[in-house]
>>> print(open('start_4.txt').read())   # compact mmCIF, C-alpha atoms
# COMPACT_ATOMS: atom_id res chain seq x y z
CA MET A 24 0.00 0.00 0.00
CA ILE A 25 1.27 3.50 -0.81
CA SER A 26 1.26 5.95 2.12
CA THR A 27 0.54 9.58 1.21
CA ALA A 28 0.80 10.90 4.77
CA LEU A 29 3.34 13.65 5.30
CA PRO A 30 6.32 12.44 7.39
CA SER A 31 6.81 13.84 10.85
CA GLY A 32 10.08 14.22 12.74
CA GLY A 33 11.42 11.61 15.12
CA THR A 34 9.92 8.59 13.42
CA HIS A 35 13.28 7.08 12.63
CA ASP A 36 16.97 7.62 13.35
CA ASN A 37 19.79 8.92 11.16
CA ALA A 38 20.98 5.45 10.20
CA ALA A 39 17.49 4.43 9.15
CA ALA A 40 17.19 7.60 7.08
CA ALA A 41 20.49 6.80 5.37
CA ALA A 42 19.23 3.33 4.52
CA ARG A 43 16.04 4.75 3.03
CA TRP A 44 18.11 7.27 1.06
CA ASN A 45 20.28 4.52 -0.39
CA ALA A 46 17.20 2.56 -1.38
CA SER A 47 15.36 5.38 -3.10
CA LEU A 48 17.56 8.34 -4.06
CA MET A 49 20.35 8.64 -6.62
CA ASN A 50 23.87 8.81 -5.30
CA ASN A 51 24.72 12.20 -6.73
CA TYR A 52 25.89 13.75 -3.45
CA GLY A 53 26.72 10.67 -1.40
CA THR A 54 24.55 9.43 1.43
CA PRO A 55 23.73 12.08 4.06
CA ALA A 56 24.78 10.98 7.53
CA VAL A 57 22.18 13.14 9.27
CA GLU A 58 18.47 13.65 8.66
CA LEU A 59 17.28 17.12 9.65
CA VAL A 60 13.64 17.30 10.64
CA ARG A 61 13.02 20.84 11.90
CA GLY A 62 14.67 24.20 12.50
CA THR A 63 14.18 27.43 14.38
CA GLY A 64 16.26 30.54 13.87
CA ALA A 65 19.88 29.50 13.49
CA THR A 66 19.42 26.00 14.90
CA VAL A 67 18.26 22.73 13.37
CA THR A 68 17.31 19.39 14.92
CA ASP A 69 17.99 15.94 13.54
CA ALA A 70 15.86 12.79 13.57
CA GLU A 71 17.41 11.71 16.87
CA GLY A 72 16.69 15.01 18.60
CA LYS A 73 20.22 16.41 18.47
CA VAL A 74 20.33 20.19 18.03
CA TYR A 75 22.96 21.88 15.84
CA LEU A 76 23.96 25.51 15.37
CA ASP A 77 23.61 25.94 11.63
CA LEU A 78 26.69 27.77 10.36
CA LEU A 79 26.13 26.71 6.75
CA ALA A 80 22.47 27.71 6.20
CA GLY A 81 21.85 25.19 3.45
CA ILE A 82 24.97 26.56 1.69
CA ALA A 83 24.18 30.26 2.13
CA VAL A 84 20.49 29.78 1.29
CA ASN A 85 18.59 30.19 4.57
CA SER A 86 19.46 33.85 4.95
CA LEU A 87 16.86 34.41 7.70
CA GLY A 88 17.44 31.05 9.34
CA HIS A 89 14.70 28.51 9.74
CA ALA A 90 10.96 29.05 10.08
CA HIS A 91 11.36 32.83 10.11
CA PRO A 92 7.92 34.34 10.81
CA ALA A 93 8.18 36.81 7.91
CA ILE A 94 8.78 34.05 5.37
CA VAL A 95 6.19 31.75 6.90
CA ALA A 96 3.58 34.50 6.75
CA ALA A 97 4.44 35.66 3.23
CA VAL A 98 4.49 32.16 1.75
CA SER A 99 1.36 31.06 3.58
CA GLN A 100 -0.59 34.10 2.44
CA GLN A 101 0.60 33.84 -1.15
CA VAL A 102 -0.04 30.13 -1.59
CA ALA A 103 -3.47 30.57 -0.04
CA THR A 104 -4.22 33.36 -2.55
CA LEU A 105 -2.65 32.39 -5.87
CA GLY A 106 0.26 30.01 -6.07
CA HIS A 107 1.20 29.80 -9.73
CA VAL A 108 0.24 31.72 -12.86
CA SER A 109 2.65 30.42 -15.60
CA ASN A 110 4.60 32.67 -17.92
CA PHE A 111 1.46 33.73 -19.80
CA PHE A 112 0.33 36.10 -17.04
CA SER A 113 1.89 38.69 -14.78
CA HIS A 114 1.57 38.80 -11.01
CA PRO A 115 1.93 41.80 -8.69
CA THR A 116 4.26 40.02 -6.27
CA VAL A 117 6.63 39.06 -9.08
CA LEU A 118 6.56 42.57 -10.51
CA ALA A 119 7.30 44.05 -7.09
CA LEU A 120 10.28 41.75 -6.63
CA ALA A 121 11.73 42.63 -10.04
CA GLU A 122 11.33 46.34 -9.30
CA GLN A 123 13.04 45.99 -5.92
CA LEU A 124 15.96 44.05 -7.36
CA LEU A 125 16.47 46.69 -10.04
CA ALA A 126 16.41 49.39 -7.39
CA LEU A 127 19.00 47.56 -5.30
CA ALA A 128 21.22 47.16 -8.37
CA GLY A 129 20.89 50.83 -9.28
CA ALA A 130 19.23 49.80 -12.53
CA THR A 131 15.74 51.23 -12.27
CA GLY A 132 14.83 52.52 -15.71
CA ASN A 133 17.70 50.83 -17.58
CA GLY A 134 17.57 47.23 -16.40
CA ARG A 135 15.41 44.14 -16.62
CA VAL A 136 15.15 40.96 -14.58
CA ILE A 137 14.63 37.39 -15.70
CA PHE A 138 13.76 34.85 -13.01
CA GLY A 139 14.78 31.22 -12.70
CA ASN A 140 14.63 28.56 -10.01
CA SER A 141 18.29 28.44 -9.04
CA GLY A 142 21.70 29.96 -9.49
CA ALA A 143 22.46 27.55 -12.31
CA GLU A 144 19.36 28.74 -14.17
CA ALA A 145 20.34 32.36 -13.61
CA ASN A 146 23.76 31.66 -15.09
CA GLU A 147 22.22 29.72 -17.97
CA ALA A 148 20.22 32.85 -18.83
CA ALA A 149 23.36 34.98 -18.65
CA PHE A 150 25.22 32.46 -20.83
CA LYS A 151 22.49 32.69 -23.48
CA MET A 152 22.56 36.49 -23.33
CA ALA A 153 26.30 36.33 -23.97
CA ARG A 154 25.69 34.09 -27.01
CA LEU A 155 23.21 36.63 -28.37
CA THR A 156 26.00 39.20 -28.72
CA GLY A 157 27.15 37.16 -31.71
CA ARG A 158 30.66 36.87 -30.34
CA PRO A 159 32.11 33.37 -29.95
CA ARG A 160 34.38 33.51 -26.90
CA ILE A 161 33.52 33.61 -23.19
CA ILE A 162 36.11 34.01 -20.47
CA ALA A 163 35.64 32.39 -17.05
CA THR A 164 38.08 31.61 -14.26
CA GLU A 165 39.90 28.57 -13.03
CA ASN A 166 38.37 27.07 -9.88
CA GLY A 167 35.18 29.10 -10.39
CA PHE A 168 31.77 27.52 -9.86
CA HIS A 169 28.62 28.57 -11.71
CA GLY A 170 26.35 25.51 -11.46
CA ARG A 171 25.91 21.96 -12.64
CA THR A 172 23.54 22.24 -15.62
CA MET A 173 25.38 21.94 -18.93
CA GLY A 174 25.74 25.63 -19.75
CA ALA A 175 26.61 26.64 -16.20
CA LEU A 176 28.92 23.65 -15.93
CA ALA A 177 30.74 24.78 -19.07
CA LEU A 178 31.52 28.02 -17.21
CA THR A 179 32.73 26.18 -14.12
CA GLY A 180 36.50 26.12 -13.87
CA GLN A 181 36.76 22.84 -12.00
CA PRO A 182 37.75 20.12 -14.51
CA SER A 183 36.73 17.22 -12.27
CA LYS A 184 33.11 18.40 -12.36
CA ARG A 185 33.10 18.90 -16.15
CA ALA A 186 35.06 15.88 -17.36
CA PRO A 187 32.38 13.17 -16.96
CA PHE A 188 29.95 15.19 -19.07
CA GLU A 189 32.14 16.42 -21.92
CA PRO A 190 31.86 17.63 -24.58
CA MET A 191 30.72 20.88 -23.03
CA PRO A 192 29.05 23.75 -24.88
CA GLY A 193 31.98 25.37 -26.69
CA GLY A 194 33.65 28.73 -26.62
CA VAL A 195 34.51 28.98 -22.91
CA GLU A 196 38.12 29.65 -21.94
CA PHE A 197 39.56 29.83 -18.44
CA VAL A 198 42.10 32.20 -16.92
CA PRO A 199 43.60 32.18 -13.42
CA TYR A 200 41.30 33.91 -10.92
CA GLY A 201 42.50 37.28 -9.74
CA ASP A 202 45.19 37.60 -12.42
CA VAL A 203 44.65 40.90 -14.25
CA GLU A 204 47.51 40.24 -16.65
CA ALA A 205 46.03 36.90 -17.73
CA LEU A 206 42.60 38.44 -18.18
CA THR A 207 44.09 41.28 -20.21
CA ALA A 208 45.87 38.81 -22.49
CA ALA A 209 42.68 36.82 -23.02
CA MET A 210 40.57 39.79 -24.07
CA GLY A 211 39.82 40.71 -27.67
CA PRO A 212 37.06 41.94 -29.99
CA ASP A 213 35.58 38.42 -30.20
CA VAL A 214 34.97 38.07 -26.44
CA ALA A 215 31.27 38.08 -25.63
CA ALA A 216 31.48 38.08 -21.84
CA VAL A 217 33.62 37.61 -18.79
CA PHE A 218 32.05 35.58 -15.96
CA LEU A 219 33.44 36.21 -12.47
CA GLU A 220 32.52 35.58 -8.86
CA PRO A 221 33.35 38.45 -6.47
CA VAL A 222 34.25 35.69 -4.02
CA GLN A 223 34.87 32.14 -5.21
CA GLY A 224 32.62 30.39 -2.70
CA GLU A 225 32.79 26.77 -3.82
CA GLY A 226 36.39 27.41 -4.75
CA GLY A 227 37.31 27.85 -1.09
CA VAL A 228 35.87 31.24 -0.09
CA LEU A 229 38.51 33.10 -2.10
CA PRO A 230 37.82 36.85 -2.47
CA ALA A 231 38.88 38.72 -5.59
CA PRO A 232 42.14 40.63 -5.01
CA GLU A 233 41.88 44.36 -4.52
CA GLY A 234 41.35 46.08 -7.86
CA TYR A 235 40.53 42.90 -9.81
CA LEU A 236 36.84 43.55 -10.36
CA ALA A 237 37.50 47.16 -11.36
CA ALA A 238 40.14 45.99 -13.83
CA ALA A 239 37.69 43.44 -15.25
CA ARG A 240 35.11 46.19 -15.64
CA ALA A 241 37.58 48.41 -17.47
CA LEU A 242 38.74 45.59 -19.77
CA THR A 243 35.24 44.46 -20.70
CA THR A 244 34.18 48.03 -21.39
CA GLU A 245 37.26 48.59 -23.54
CA HIS A 246 36.55 45.49 -25.63
CA GLY A 247 32.76 45.81 -25.73
CA ALA A 248 32.22 42.59 -23.79
CA LEU A 249 29.69 41.89 -21.05
CA LEU A 250 30.83 41.70 -17.45
CA VAL A 251 28.74 39.04 -15.71
CA LEU A 252 29.12 38.85 -11.95
CA ASP A 253 27.92 35.64 -10.35
CA GLU A 254 26.55 36.77 -6.99
CA VAL A 255 24.62 33.55 -6.46
CA GLN A 256 26.41 32.92 -3.18
CA THR A 257 27.56 36.43 -2.29
CA GLY A 258 24.43 38.44 -3.10
CA ILE A 259 21.51 39.58 -0.92
CA GLY A 260 23.48 40.59 2.13
CA ARG A 261 25.81 37.65 2.52
CA THR A 262 28.96 39.80 2.57
CA GLY A 263 27.43 42.74 4.44
CA GLU A 264 26.29 44.52 1.25
CA TRP A 265 23.36 43.76 -1.00
CA PHE A 266 25.94 42.76 -3.62
CA ALA A 267 29.58 41.94 -2.99
CA HIS A 268 30.75 43.94 -6.01
CA THR A 269 29.47 47.17 -4.45
CA ARG A 270 32.77 47.62 -2.61
CA ALA A 271 34.59 47.68 -5.95
CA GLY A 272 32.56 50.70 -7.04
CA ILE A 273 31.52 49.16 -10.36
CA GLN A 274 28.31 48.24 -12.12
CA PRO A 275 28.36 45.00 -14.13
CA ASP A 276 26.24 44.29 -17.19
CA ILE A 277 24.60 41.23 -15.63
CA ILE A 278 24.26 40.11 -12.01
CA THR A 279 23.13 36.57 -11.24
CA LEU A 280 21.46 35.76 -7.92
CA ALA A 281 19.85 32.83 -6.12
CA LYS A 282 20.70 31.13 -2.79
CA GLY A 283 19.87 33.75 -0.13
CA LEU A 284 17.28 35.51 -2.27
CA GLY A 285 14.40 33.18 -1.42
CA GLY A 286 15.43 32.44 2.15
CA GLY A 287 14.91 28.71 1.49
CA LEU A 288 12.41 28.92 -1.37
CA PRO A 289 13.75 28.13 -4.86
CA ILE A 290 14.31 31.26 -6.90
CA GLY A 291 17.11 32.67 -9.02
CA ALA A 292 17.42 35.87 -11.00
CA ALA A 293 19.58 37.51 -13.64
CA ILE A 294 19.59 41.30 -13.59
CA ALA A 295 20.69 42.76 -16.92
CA ILE A 296 21.64 46.43 -17.10
CA GLY A 297 21.87 48.74 -20.09
CA PRO A 298 22.02 47.18 -23.60
CA ALA A 299 22.31 43.69 -22.06
CA ALA A 300 18.73 44.05 -20.84
CA ASP A 301 17.46 43.93 -24.42
CA LEU A 302 19.40 40.87 -25.64
CA LEU A 303 16.78 38.21 -24.91
CA LYS A 304 13.75 38.25 -27.19
CA PRO A 305 10.37 36.51 -26.81
CA GLY A 306 10.63 32.75 -27.05
CA GLN A 307 14.39 32.58 -26.49
CA HIS A 308 14.38 31.60 -22.82
CA GLY A 309 11.99 30.59 -20.07
CA SER A 310 11.25 28.19 -17.24
CA THR A 311 7.84 26.96 -16.10
CA PHE A 312 8.19 27.75 -12.40
CA ALA A 313 10.56 30.72 -12.72
CA GLY A 314 9.39 33.72 -10.75
CA ASN A 315 6.72 31.70 -9.05
CA PRO A 316 4.62 34.07 -6.87
CA VAL A 317 5.21 31.94 -3.76
CA SER A 318 8.99 32.09 -4.12
CA ALA A 319 8.75 35.77 -5.05
CA ALA A 320 6.75 36.43 -1.88
CA ALA A 321 9.46 34.73 0.16
CA ALA A 322 12.12 36.83 -1.57
CA LEU A 323 10.26 40.06 -0.82
CA ALA A 324 10.02 38.99 2.82
CA VAL A 325 13.78 38.40 2.82
CA LEU A 326 14.53 41.83 1.35
CA ARG A 327 12.12 43.54 3.73
CA THR A 328 13.49 41.77 6.80
CA ILE A 329 17.12 42.42 5.91
CA THR A 330 16.25 46.11 5.63
CA ASP A 331 14.03 46.36 8.71
CA GLU A 332 16.41 44.42 10.97
CA HIS A 333 19.59 46.10 9.63
CA LEU A 334 21.07 42.72 8.75
CA LEU A 335 23.59 44.14 6.29
CA ASP A 336 25.36 45.99 9.09
CA HIS A 337 24.93 42.99 11.37
CA ALA A 338 26.49 40.60 8.83
CA ALA A 339 29.43 42.90 8.25
CA ALA A 340 30.08 43.43 11.96
CA LEU A 341 29.56 39.82 13.01
CA GLY A 342 31.79 38.57 10.21
CA LYS A 343 34.62 40.79 11.41
CA HIS A 344 34.02 39.67 14.98
CA LEU A 345 34.08 35.99 14.01
CA ALA A 346 37.20 36.27 11.87
CA ALA A 347 39.10 38.20 14.53
CA ALA A 348 38.01 35.85 17.32
CA ILE A 349 39.07 32.75 15.36
CA GLU A 350 42.46 34.20 14.47
CA ARG A 351 42.90 35.37 18.06
CA LEU A 352 42.70 31.75 19.20
CA GLY A 353 46.20 31.30 17.84
CA HIS A 354 45.49 27.64 17.16
CA PRO A 355 48.30 26.01 15.16
CA ALA A 356 45.81 24.49 12.71
CA VAL A 357 44.50 27.92 11.65
CA ASP A 358 46.52 29.86 9.10
CA HIS A 359 44.11 32.76 8.62
CA VAL A 360 40.46 33.62 7.97
CA ARG A 361 39.34 35.13 4.66
CA GLY A 362 36.09 36.30 3.13
CA ALA A 363 33.65 39.07 3.94
CA GLY A 364 30.56 39.44 6.09
CA LEU A 365 29.09 36.07 6.89
CA LEU A 366 30.86 34.21 4.10
CA LEU A 367 34.11 33.18 5.73
CA GLY A 368 36.77 30.60 4.99
CA ILE A 369 38.92 29.32 7.84
CA VAL A 370 42.16 28.46 6.05
CA LEU A 371 43.94 25.61 7.79
CA THR A 372 47.62 24.74 7.89
CA ALA A 373 46.94 21.12 6.91
CA PRO A 374 44.38 19.34 4.69
CA VAL A 375 42.13 18.31 7.57
CA ALA A 376 39.05 20.36 6.69
CA PRO A 377 36.76 17.37 5.95
CA GLY A 378 37.66 15.89 9.34
CA ALA A 379 37.10 19.26 10.98
CA ALA A 380 33.65 19.52 9.42
CA LEU A 381 32.80 16.09 10.79
CA ALA A 382 34.21 16.93 14.23
CA ALA A 383 32.22 20.16 14.22
CA ARG A 384 29.02 18.26 13.45
CA GLN A 385 29.72 15.84 16.24
CA ALA A 386 30.17 18.86 18.52
CA GLY A 387 26.86 20.35 17.37
CA PHE A 388 27.91 22.78 14.62
CA LEU A 389 27.15 22.53 10.88
CA VAL A 390 29.93 23.75 8.58
CA ASN A 391 31.44 22.34 5.42
CA ALA A 392 34.77 21.94 3.67
CA PRO A 393 34.82 23.37 0.12
CA GLY A 394 38.50 22.41 -0.07
CA PRO A 395 40.87 20.11 1.80
CA ASP A 396 42.26 22.99 3.86
CA VAL A 397 39.27 25.35 4.11
CA ILE A 398 36.25 25.34 6.42
CA ARG A 399 33.36 27.43 5.11
CA LEU A 400 31.07 29.44 7.38
CA ALA A 401 27.89 30.82 5.77
CA PRO A 402 25.42 31.06 8.65
CA PRO A 403 22.00 32.72 8.62
CA LEU A 404 22.29 36.49 8.69
CA ILE A 405 20.30 36.44 11.94
CA LEU A 406 23.05 34.54 13.79
CA THR A 407 23.72 36.26 17.11
CA THR A 408 27.11 37.17 18.49
CA GLU A 409 26.50 34.84 21.41
CA GLN A 410 25.78 31.93 19.08
CA ALA A 411 28.88 32.70 17.02
CA ASP A 412 30.99 32.77 20.17
CA THR A 413 29.90 29.24 21.12
CA PHE A 414 31.50 28.02 17.89
CA VAL A 415 34.69 29.97 18.52
CA ALA A 416 34.90 28.43 21.99
CA ALA A 417 34.45 24.93 20.59
CA LEU A 418 36.78 25.37 17.60
CA PRO A 419 40.09 24.45 19.31
CA SER A 420 38.72 21.08 20.38
CA ILE A 421 37.22 20.54 16.91
CA LEU A 422 40.57 21.25 15.26
CA ASP A 423 42.46 19.10 17.77
CA THR A 424 40.16 16.20 16.97
CA ALA A 425 40.53 16.68 13.21
CA THR A 426 44.31 17.05 13.41
CA ALA A 427 44.58 13.89 15.48
CA GLY A 428 42.39 12.05 12.99
CA GLU A 429 40.03 10.99 15.73
CA THR A 430 36.77 11.46 13.81
CA SER A 431 34.97 8.35 12.68
>>> encode(input="start_4.txt", output="structure tokens")
Amino acid sequence: MISTALPSGGTHDNAAAAARWNASLMNNYGTPAVELVRGTGATVTDAEGKVYLDLLAGIAVNSLGHAHPAIVAAVSQQVATLGHVSNFFSHPTVLALAEQLLALAGATGNGRVIFGNSGAEANEAAFKMARLTGRPRIIATENGFHGRTMGALALTGQPSKRAPFEPMPGGVEFVPYGDVEALTAAMGPDVAAVFLEPVQGEGGVLPAPEGYLAAARALTTEHGALLVLDEVQTGIGRTGEWFAHTRAGIQPDIITLAKGLGGGLPIGAAIAIGPAADLLKPGQHGSTFAGNPVSAAAALAVLRTITDEHLLDHAAALGKHLAAAIERLGHPAVDHVRGAGLLLGIVLTAPVAPGAALAARQAGFLVNAPGPDVIRLAPPLILTTEQADTFVAALPSILDTATAGETS
């Protein structure tokens, strides 16, 4: 008999959940060791009742934490009113979100937004806009990450992720990240676009060097190419600004967003500014659920809450506090902390980051290891200083355990 009842928490343990996963889900990410069943604020609870401080936020997605009242109310009201309209009709919530994003990007009056369901979809749209320039070459960066769909994967500068699926869509070339000289050498009149992340998140929380984004802006302007900034992970307050590129004092031609925008609801967006806003024509791109009113309502709640609760300033200040406190520990396993706002990478002196992530989970903290020697912190923007300090206090023991190889 098929059961259609919704599952409730606490009906089975983590091991049982792993067994069910192995029996029913594809092995594209490996088997999760923990089943999370509920969350409140910056904490989540697993199937066995263990509570964790969530310092990863679903990989920078849950910008307001879990079960935030503003998102719950907005989504509940929207789905109870009108949940989906297709691309044949407009909806006031979707229009309001597009207008707010343009305002935040300084593009009211000369920009347009196209919605998707994810960061990969946002980058796919930007990729297609670049193709519509008629130029054949696209420049991206080594170690960059732009998604796992075929177009976004072609832009991703991590060969191990591309190789099993080659041949990729053609025309993409890679240059070392942060290297102005290499980017200069790669430019020419046949370059359609340059794709960059202001901070390489999946690449190990690696910020662009000072002056790099401004140089990229100057080079793309000189050669008539689009500058596409992938703010999927860094946008919507993650680094203490609405967009991470703001500090560079530039305006790109296209900004791609997702992750924190919906606060846990699936939504992505590409904001095109100036002539780039007119590249896509009717029938050239679309997605059935893109800009769904329910996800748009969640995104508006995120934007409103970040503004009302001054979370940009909070993220900037708490990020500095966390970085300084971790470096002040003087632990021999910590080399330094990099990143901005609440997107931080703890750079280790040895490749023990996967073990450290496991030790942290065992100690009640969720983090991850985007590289062998980097621990990533991307907590909800509502994380309190007191909660952050509990992680700092526990970190020496976590690192000692990882260094000793005592995790199992």
>>> closest_atom_pairs(input="start_4.txt", of="range 64-173 of chain A", to="range 383-391 of chain A", cutoff="9 Å", atoms="only C-alpha atoms", output="JSON lines")
{"residue": "A:Lys73", "atom": "CA", "partner": "A:Gly387", "partner_atom": "CA", "distance": 7.8}
{"residue": "A:Val74", "atom": "CA", "partner": "A:Gly387", "partner_atom": "CA", "distance": 6.6}
{"residue": "A:Tyr75", "atom": "CA", "partner": "A:Gly387", "partner_atom": "CA", "distance": 4.5}
{"residue": "A:Leu76", "atom": "CA", "partner": "A:Phe388", "partner_atom": "CA", "distance": 4.9}
{"residue": "A:Asp77", "atom": "CA", "partner": "A:Leu389", "partner_atom": "CA", "distance": 5.0}
{"residue": "A:Leu78", "atom": "CA", "partner": "A:Leu389", "partner_atom": "CA", "distance": 5.3}
{"residue": "A:Leu79", "atom": "CA", "partner": "A:Val390", "partner_atom": "CA", "distance": 5.2}
{"residue": "A:Ala80", "atom": "CA", "partner": "A:Leu389", "partner_atom": "CA", "distance": 8.4}
{"residue": "A:Ile82", "atom": "CA", "partner": "A:Asn391", "partner_atom": "CA", "distance": 8.6}
>>> atom_distance(input="start_4.txt", atom1="CA of Thr116 in chain A", atom2="CA of Phe138 in chain A")
12.7 Å
>>> closest_residue(input="start_4.txt", among="A:Ala319, A:Ala427, A:Leu249, A:Ile259", to="Leu127 in chain A", atoms="all atoms listed in the file")
A:Ile259
>>> atom_distance(input="start_4.txt", atom1="CA of Pro230 in chain A", atom2="CA of Gly201 in chain A")
8.7 Å
>>> closest_residue(input="start_4.txt", among="A:Gly62, A:Gly283, A:Pro182, A:Pro275", to="Ala216 in chain A", atoms="only C-alpha atoms")
A:Pro275
>>> closest_residue(input="start_4.txt", among="A:Ala380, A:Leu87, A:Val415, A:Leu250", to="Lys282 in chain A", atoms="only C-alpha atoms")
A:Leu87
>>> closest_residue(input="start_4.txt", among="A:Gly291, A:Gly378, A:Gly285, A:Gly64", to="Ala149 in chain A", atoms="all atoms listed in the file")
A:Gly291
>>> closest_residue(input="start_4.txt", among="A:Asp36, A:Gly174, A:Ala401, A:Gly53", to="Gly72 in chain A", atoms="only C-alpha atoms")
A:Asp36
